[in-house]
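Down below is the structure, laid out as structure tokens.
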Amino acid sequence: MTATGESVLRIENVHKRFGSLKVLQGVDLTINRGEVVCVLGPSGSGKSTLLRCINLLEPPEEGRILLEDKEITGKANQDGIDFVRRRVGMVFQQFNLFPHMCALDNVTVGPLKVLDKPKSEVEPKARALLDRVGMSAKVDEYPDRLSGGQQQRVAIARALAMDPHVMLFDEVTSALDPELVKEVLDVMRELASEGMTMIVVTHEMGFARDVSDRVVFMDGGKVLEEGPPAEVLGNPQQPRTQKFLGLVLDH
Amino acid sequence: MNFIRQYYFDFGVMSDNLSDLMAGFWITIKLSIFGGVLSLIWGLALAVIRQLPGRATAPLRWLSIGYIDAFRGIPLLIVLLLVSGGLSSLSSPIGGDVIPDFIGKPTWLGETSPFWYGVISLTITYGAYMAEVYRAGIEAVPNGQMEAARSIGMSHGQAMRFVIVPQAVRKVIPPLLNDFIALMKDTSLVSILGLADVVYVGRQIQSDIFNGSGLVAGAILFLIVTIPLARLVDYLIAREQRRTKRSGESNDSDQLEETQPAGGLPPNSGDLS
């Protein structure tokens with residue numbers, strides 16, 4: 001919809017293993033600016049690991065990742081780590097808010113400590129971000145006083161505070177009670193409509209169908225199929241994709 | 001029975017020597033505070049060094065582990081004798097005058113050299129104990145905290161300082177207080193260097209008039225401080241348990257990340273470079 005066709009992220013032949021377990025076995029993927037890409041696949045297909053490789057929480061063993069035409073992978077590439085972490089925001093399944101800080105401090109700590117920006121600039125912006133995710137009434141609350149959905153929205157604001165060029169969402173609604181899923185997806189929908197480049201690992205088929213520009217299906221550490229959501233979800237070519245979608249769309 | 005009352009609980013002996021005993025106990029308190037605060041700082045430094053990431057810092061990690069293992073296993077009394085003997089000899093002609101007097105025979109802040117030998121020894125030994133307590137606290141902080149901190153661009157050092165250590169310290173305040181109680185009792189060993197702490201004063205009374213009441217008075221003074229501290233520890237533990245129980249209820253299920261093999265990576269492992 002809003003994709004410009006200019007590539008932001010290029011993933012080339014990325015491999016990752018944990019011990020003897022090969023989690024990623026040669027993933028190739030290109031993400032364009034403004035594009036919303038949903039990554040689907042069964043448990044253990046490597047989709048979460050792919051996200052974690054992109055921001056180098058798990059450095060890949062083989063292959064290259066280029067962010068805005070700069071290679072971020074490679075041995076002892078501290079430059080690459082700093083480069084990617086300041087341009088790519090990540091939201092986690094378990095929220096991972098800092099429990100000893102209130103919602104506002106969770107959002108301001110990055111810009112204050114990492115970007116060294118003055119409080120007078122950071123705080124109004126953080127309040128605006130919390131307002132944007134519908135949390136303006138809870139800025140002073142600590143995470144253990146917030147519901148899962150509220151915590152996840154604060155976590156989204158925390159990632160946005162670093163002005164990321166790309167946002168990664170790692171099954172961000174999987175740990176939520178069903179009635180809390182919508183409030184988080186709504187925030188993500190809005191972000192997508194504002195033109196944020198997003199890579200979303202999810203089991204929410206409705207979200208993938210309605211919001212994404214492209215759906216990627218992964219299994220066994222590889223990308224098996226990708227394309228517009230209507231095609232991949234409506235008329236999958238690969239037997240594995242057909243089987244998976246049959247299982248998740250059936251009920 | 002009468003003997004027991006007279007030997008241990010002669011209140012006349014206690015009150016006659018009250019000012020000496022209180023002066024001795026004041027030294028005990030000062031030793032505890034200096035030794036305790038320095039151990040807290042030194043222990044945290046050791047624990048943080050032990051958690052440094054990456055291959056390049058491995059020698060520092062080994063040094064820290066070796067130090068902690070060594071000084072947890074050596075009696076404080078031996079450390080005390082080696083520190084006082086070593087420092088005083090090395091700053092004397094007999095030891096070659098290799099270190100200056102203000103380090104070898106310290107009298108900082110108007111305290112005696114045995115006082116500072118005691119503080120140094122307590123810090124060396126209890127720093128090792130407290131490092132282990134901090135380590136347990138650091139490892140108890142969920143891995144996701146480090147990942148979240150790194151994902152918003154923090155370096156390992158920033159993540160430790162702003163995210164991991166503040167949470168770890170909160171978790172380990174009760175066991176640190178326990179170590180502080182143990183440290184306070186162990187200050188009594190410094191009396192063998194001739195420092196007139198409350199135990200030294202009590203022993204003087206005991207050998208002068210064959211009466212243990214001075215030592216019992218010292219024990220009572222210890223209890224006046226340590227029992228409230230122990231109660232405080234219990235209270236803090238109970239409060240922490242209530243808190244974790246509550247946050248455990250408000251958080252949803254705590255599943256393992258799907259693609260990660262169970263127990264695959266140690267917490268805060270060096271992979272997060």
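By convention here, the chains of the structure tokens are called A, B, ... in the order presented, each chain's residues are numbered starting at 1, and ligands are numbered starting at 1 in the order presented.
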
Q) Which polymer residues have any atom within 6 Å of an atom of segment 93-110 of chain A, counting only C-alpha atoms, with same-chain residues fewer than 2 positions away left out, as an MDAnalysis selection string? A) (chainID A and resid 112:114 126 139:143 152 158 170:172) or (chainID B and resid 144:145 152)

Take the residues just selected and output them with N, CA and C atoms as a short mmCIF file (atom, residue, chain, number, x, y, z; two decimals), in the first residue's frame.
data_model
loop_
_atom_site.label_atom_id
_atom_site.label_comp_id
_atom_site.auth_asym_id
_atom_site.auth_seq_id
_atom_site.Cartn_x
_atom_site.Cartn_y
_atom_site.Cartn_z
N LEU A 112 17.22 9.04 26.60
CA LEU A 112 18.04 9.76 27.59
C LEU A 112 19.43 9.17 27.69
N LYS A 113 19.52 7.85 27.79
CA LYS A 113 20.82 7.23 28.09
C LYS A 113 21.59 6.85 26.84
N VAL A 114 20.87 6.43 25.80
CA VAL A 114 21.58 5.97 24.60
C VAL A 114 21.85 7.14 23.65
N ALA A 126 7.86 11.44 24.78
CA ALA A 126 7.45 10.16 25.35
C ALA A 126 5.97 10.20 25.75
N VAL A 139 0.84 6.92 32.66
CA VAL A 139 2.27 7.19 32.49
C VAL A 139 3.07 6.92 33.75
N ASP A 140 2.47 7.09 34.92
CA ASP A 140 3.23 6.92 36.16
C ASP A 140 3.10 5.53 36.76
N GLU A 141 2.35 4.66 36.10
CA GLU A 141 2.15 3.31 36.65
C GLU A 141 3.37 2.43 36.36
N TYR A 142 3.63 1.50 37.30
CA TYR A 142 4.69 0.52 37.09
C TYR A 142 4.12 -0.69 36.35
N PRO A 143 4.97 -1.39 35.61
CA PRO A 143 4.46 -2.50 34.77
C PRO A 143 3.60 -3.51 35.53
N GLN A 152 2.13 -4.22 26.70
CA GLN A 152 2.63 -4.37 25.34
C GLN A 152 2.55 -3.04 24.59
N ARG A 158 7.97 2.37 23.80
CA ARG A 158 9.39 2.37 24.14
C ARG A 158 10.25 2.18 22.90
N ASP A 170 7.60 -9.56 17.51
CA ASP A 170 7.81 -11.00 17.69
C ASP A 170 6.65 -11.63 18.46
N GLU A 171 5.64 -12.09 17.75
CA GLU A 171 4.45 -12.71 18.36
C GLU A 171 3.93 -11.89 19.53
N VAL A 172 3.71 -10.62 19.27
CA VAL A 172 3.46 -9.70 20.38
C VAL A 172 2.09 -9.89 21.03
N GLY B 144 15.17 -11.70 28.98
CA GLY B 144 14.46 -10.73 28.15
C GLY B 144 14.77 -9.29 28.52
N GLN B 145 15.16 -9.07 29.78
CA GLN B 145 15.49 -7.70 30.20
C GLN B 145 16.75 -7.21 29.48
N ILE B 152 16.99 -1.48 22.50
CA ILE B 152 16.83 -0.03 22.36
C ILE B 152 18.19 0.65 22.32
#

Q. Got a sec: who's within 10 Å of Arg85 of chain A, counting only C-alpha atoms, leaving out chain neighbours fewer than 5 positions off, as a list of chain:residue names?
A.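 Listed by chain and then number, they are A:Ile54, A:Asn55, A:Leu56, A:Leu57, A:Gly80, A:Met90, A:Met162, A:Pro164, B:Arg150, B:Ser151, B:Ile152, B:Gly153, B:Met154, B:Ser155.
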
Q. If we count only C-alpha atoms, what is near segment 101-117 of chain B at a cut-off of 10 Å, once residues fewer than 6 positions away on the same chain are taken out, given as JSON, numbers by chain?
A. {"B": [27, 28, 30, 31, 34, 35, 79, 80, 81, 82, 83, 84, 85, 86, 87, 88, 89, 90, 91, 92, 123, 187, 190, 191, 192, 193, 194, 195, 196, 197]}

Q: Counting only C-alpha atoms, figure out which residue out of A:Glu123, A:Ser7, A:Leu24, A:Ser48 gets nearest to Asp69 of chain A.
A: A:Ser7

Q) Got a sec: who's within 12 Å of Ile237 of chain B, counting only C-alpha atoms, leaving out chain neighbours fewer than 3 positions off, as a ChimeraX atom specification? A) /B:170-178,230-234,240-244

Selected residues written out with N, CA and C atoms, as a short mmCIF file (atom, residue, chain, number, x, y, z; two decimals), in the first residue's frame:
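again19.cif, written as the output of this step:
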data_model
loop_
_atom_site.label_atom_id
_atom_site.label_comp_id
_atom_site.auth_asym_id
_atom_site.auth_seq_id
_atom_site.Cartn_x
_atom_site.Cartn_y
_atom_site.Cartn_z
N ARG B 170 17.77 -5.09 44.09
CA ARG B 170 16.50 -5.18 44.81
C ARG B 170 16.21 -6.60 45.28
N LYS B 171 16.52 -7.55 44.38
CA LYS B 171 16.25 -8.94 44.73
C LYS B 171 17.14 -9.44 45.86
N VAL B 172 18.36 -8.91 45.96
CA VAL B 172 19.33 -9.50 46.89
C VAL B 172 19.55 -8.68 48.15
N ILE B 173 18.75 -7.67 48.38
CA ILE B 173 18.93 -6.90 49.61
C ILE B 173 18.83 -7.80 50.86
N PRO B 174 17.84 -8.71 50.95
CA PRO B 174 17.80 -9.57 52.15
C PRO B 174 19.06 -10.42 52.35
N PRO B 175 19.53 -11.16 51.33
CA PRO B 175 20.76 -11.93 51.57
C PRO B 175 21.98 -11.05 51.82
N LEU B 176 22.02 -9.85 51.23
CA LEU B 176 23.14 -8.95 51.53
C LEU B 176 23.11 -8.53 53.00
N LEU B 177 21.90 -8.28 53.51
CA LEU B 177 21.78 -7.92 54.93
C LEU B 177 22.23 -9.09 55.81
N ASN B 178 21.89 -10.31 55.40
CA ASN B 178 22.37 -11.48 56.14
C ASN B 178 23.89 -11.50 56.20
N ALA B 230 17.80 -8.88 61.64
CA ALA B 230 17.26 -10.17 61.17
C ALA B 230 15.76 -10.06 60.91
N ARG B 231 15.06 -9.33 61.79
CA ARG B 231 13.62 -9.13 61.57
C ARG B 231 13.37 -8.35 60.28
N LEU B 232 14.24 -7.35 60.03
CA LEU B 232 14.12 -6.55 58.81
C LEU B 232 14.29 -7.45 57.58
N VAL B 233 15.26 -8.37 57.65
CA VAL B 233 15.47 -9.30 56.54
C VAL B 233 14.20 -10.11 56.30
N ASP B 234 13.62 -10.67 57.38
CA ASP B 234 12.39 -11.45 57.24
C ASP B 234 11.29 -10.63 56.59
N GLU B 240 8.88 -9.11 49.38
CA GLU B 240 9.28 -9.48 48.02
C GLU B 240 8.43 -10.64 47.51
N GLN B 241 8.16 -11.61 48.41
CA GLN B 241 7.35 -12.76 47.99
C GLN B 241 5.94 -12.32 47.61
N ARG B 242 5.38 -11.41 48.41
CA ARG B 242 4.04 -10.92 48.07
C ARG B 242 4.06 -10.24 46.72
N ARG B 243 5.13 -9.47 46.48
CA ARG B 243 5.19 -8.69 45.24
C ARG B 243 5.33 -9.61 44.03
N THR B 244 6.25 -10.58 44.11
CA THR B 244 6.43 -11.46 42.94
C THR B 244 5.18 -12.29 42.70
#

Q.
Just to confirm, what's the straight-line distance from atom CA of Met198 of chain A to atom CA of Gln237 of chain A in Å (one decimal)?
A.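 Pair atom CA of Met198 of chain A / atom CA of Gln237 of chain A returns 24.7 Å.
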
Q: Just give me the gap between atom CA of Phe169 of chain A and atom CA of Pro124 of chain A in Å, one decimal is fine.
A: 25.1 Å

**Q.** Near-Leu122 of chain B list (12 Å; only C-alpha atoms; drop same-chain fewer than 3 positions) as JSON, numbers by chain
**A.** {"B": [31, 32, 33, 34, 35, 36, 37, 38, 39, 40, 42, 43, 71, 72, 74, 75, 76, 77, 78, 79, 80, 81, 83, 115, 116, 117, 118, 119, 125, 126, 127, 128, 129, 130, 179, 180, 182, 183, 184, 185, 186, 187, 188, 189, 190]}

(Q) Report, in Å to a single decimal, how far apart atom CA of Arg145 of chain A and atom CA of Ala161 of chain A are. (A)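 Atom CA of Arg145 of chain A lies at a distance of 21.8 Å from atom CA of Ala161 of chain A.
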
Q: Return the single residue from A:Glu226, A:Glu231, A:Glu183, A:Glu58 that is closest to chain B, with distances computed using only C-alpha atoms.
A: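 Distance minimum relative to chain B lands on A:Glu58.
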